[in-house]
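Asker: Next up is a structure, given as structure tokens.
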Amino acid sequence: MQPDWQTEDGAVQLYCGDVLEILPGLDPESVDCILADPPYSSGGLHKAARSRSINDKYVTSGATIQYSEFSGDARDQRSWTRWCAEWMRDCLTLARPNRYLLSFCDWRQLPGLVDAIQWADWTWNGIIPWDKGDGARAGNTSMFRHQCEYVAWGTKGGTAGYKDRSGPWPGVVRCTVVSPNDRDHQSEKPVEILQELLACCLTGESVLDPFMGSGSTGVAAVSRGLRFIGIELDRSHFATAVKRIKAELGRMSLFEPVVKTSTKSLFGSP
């Protein structure tokens, strides 16, 4: 399987398509960390609510900014959990022994995500809360603030023998959300958080993001000197990810040799 866009040395490889179709075509035991931010499918309690547009579900009422839509966000929890187990099982084949899986979710989907990790035969090792600060969304004055999202993490087997790692790392990450005026994607994660999570990787190791979105994980990986494989279904978001990762490669080339790139003609010139 050939990437739709890649650097000449293959250190960055980006695919535009369905994750369940692309993952089986990648090389087994070639990845050191899977850092995923799948669609949460948690924007409503009932099918009608979940099936609303992304902007209707997640953009604050009265906001003028409209983001490009993304698919896969209308599953109920049972089907969402099954779907997660499928792509996580494919990722298990791609991971090297003792390497990492980290996946974002919100409080609604946390139980299902933890089940999926274990069904896919990863070893579940814990949860990392992302504290978004006191400005996080609150329902009303009778509720506790929904101040955290979560990263459930596991490994392919155990982590014994990892004497070369620089951890232990913080069990909580703290950063405000990306400002709506600065986002390229409705559910865009701060690059700073992703950089912190990728501390589990050594320079030159490989990171896979099965739901690349606008490319934030790719930017974080490149900035840390890591190889990166990204998958994104939506062509508009794919094009944004290419643009952002190219910009980060350009920024890094101010201090290192220039990295040449290539792309399929479908997505324009590199």
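Identifiers for the structure tokens are assigned positionally: chains receive A, B, ... in sequence, residues are indexed from 1 per chain, and ligands are indexed from 1 in the order shown.
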For Trp153 (chain A), list every protein, DNA or RNA residue within 8 Å, evaluated using only C-alpha atoms, and leave out those in the same chain fewer than 6 positions away; present the list as a list in words.

Answerer: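 Counting only the stated atoms, we get Tyr100, Leu101, Leu102, Ser103, Trp124, Asn125, Gly126, Ile127 and Ile128 of chain A.
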
Asker: Could you give me the residues within region 133-216 of chain A that DSSP places in alpha helix (DSSP H), as a list of chain:residue names?

Answerer: A:Val191, A:Glu192, A:Ile193, A:Leu194, A:Gln195, A:Glu196, A:Leu197, A:Ser216

Asker: May I have the residues within 12 Å of Val114 (chain A) as a PyMOL selection string, using only C-alpha atoms and disregarding those fewer than 3 positions away in the same chain?

Answerer: chain A and resi 80-82+84-85+88+101-111+117-127+150-154

Asker: Can you list, as a list in words, every protein, DNA or RNA residue that comes within 6 Å of region 175-191 of chain A when you count only C-alpha atoms, leaving out same-chain residues fewer than 5 positions away?

Answerer: Tyr67, Lys132, Gly133, Ser216 and Ala220 of chain A

Asker: Could you dump the residues just selected with N, CA and C atoms as a PDB file, in the first residue's frame?

Answerer:
ATOM      1  N   TYR A  67     -17.021  24.424  11.304  1.00  0.00           N
ATOM      2  CA  TYR A  67     -15.907  23.565  10.945  1.00  0.00           C
ATOM      3  C   TYR A  67     -16.349  22.529   9.914  1.00  0.00           C
ATOM      4  N   LYS A 132      -8.528  20.322  31.384  1.00  0.00           N
ATOM      5  CA  LYS A 132      -8.675  21.450  30.457  1.00  0.00           C
ATOM      6  C   LYS A 132      -8.834  22.793  31.174  1.00  0.00           C
ATOM      7  N   GLY A 133      -8.820  22.763  32.515  1.00  0.00           N
ATOM      8  CA  GLY A 133      -8.869  24.012  33.271  1.00  0.00           C
ATOM      9  C   GLY A 133     -10.268  24.423  33.680  1.00  0.00           C
ATOM     10  N   SER A 216      -2.503  17.272  13.994  1.00  0.00           N
ATOM     11  CA  SER A 216      -1.809  17.748  15.195  1.00  0.00           C
ATOM     12  C   SER A 216      -0.802  16.728  15.729  1.00  0.00           C
ATOM     13  N   ALA A 220       3.236  17.170  16.280  1.00  0.00           N
ATOM     14  CA  ALA A 220       3.909  16.856  17.542  1.00  0.00           C
ATOM     15  C   ALA A 220       5.013  15.822  17.333  1.00  0.00           C
TER      16      ALA A 220
END

Asker: Tell me, as a ChimeraX atom specification, which residues lie within 10 Å of Leu94 (chain A), counting only C-alpha atoms; anything in the same chain fewer than 5 positions away does not count.

Answerer: /A:23-34,88-89,208
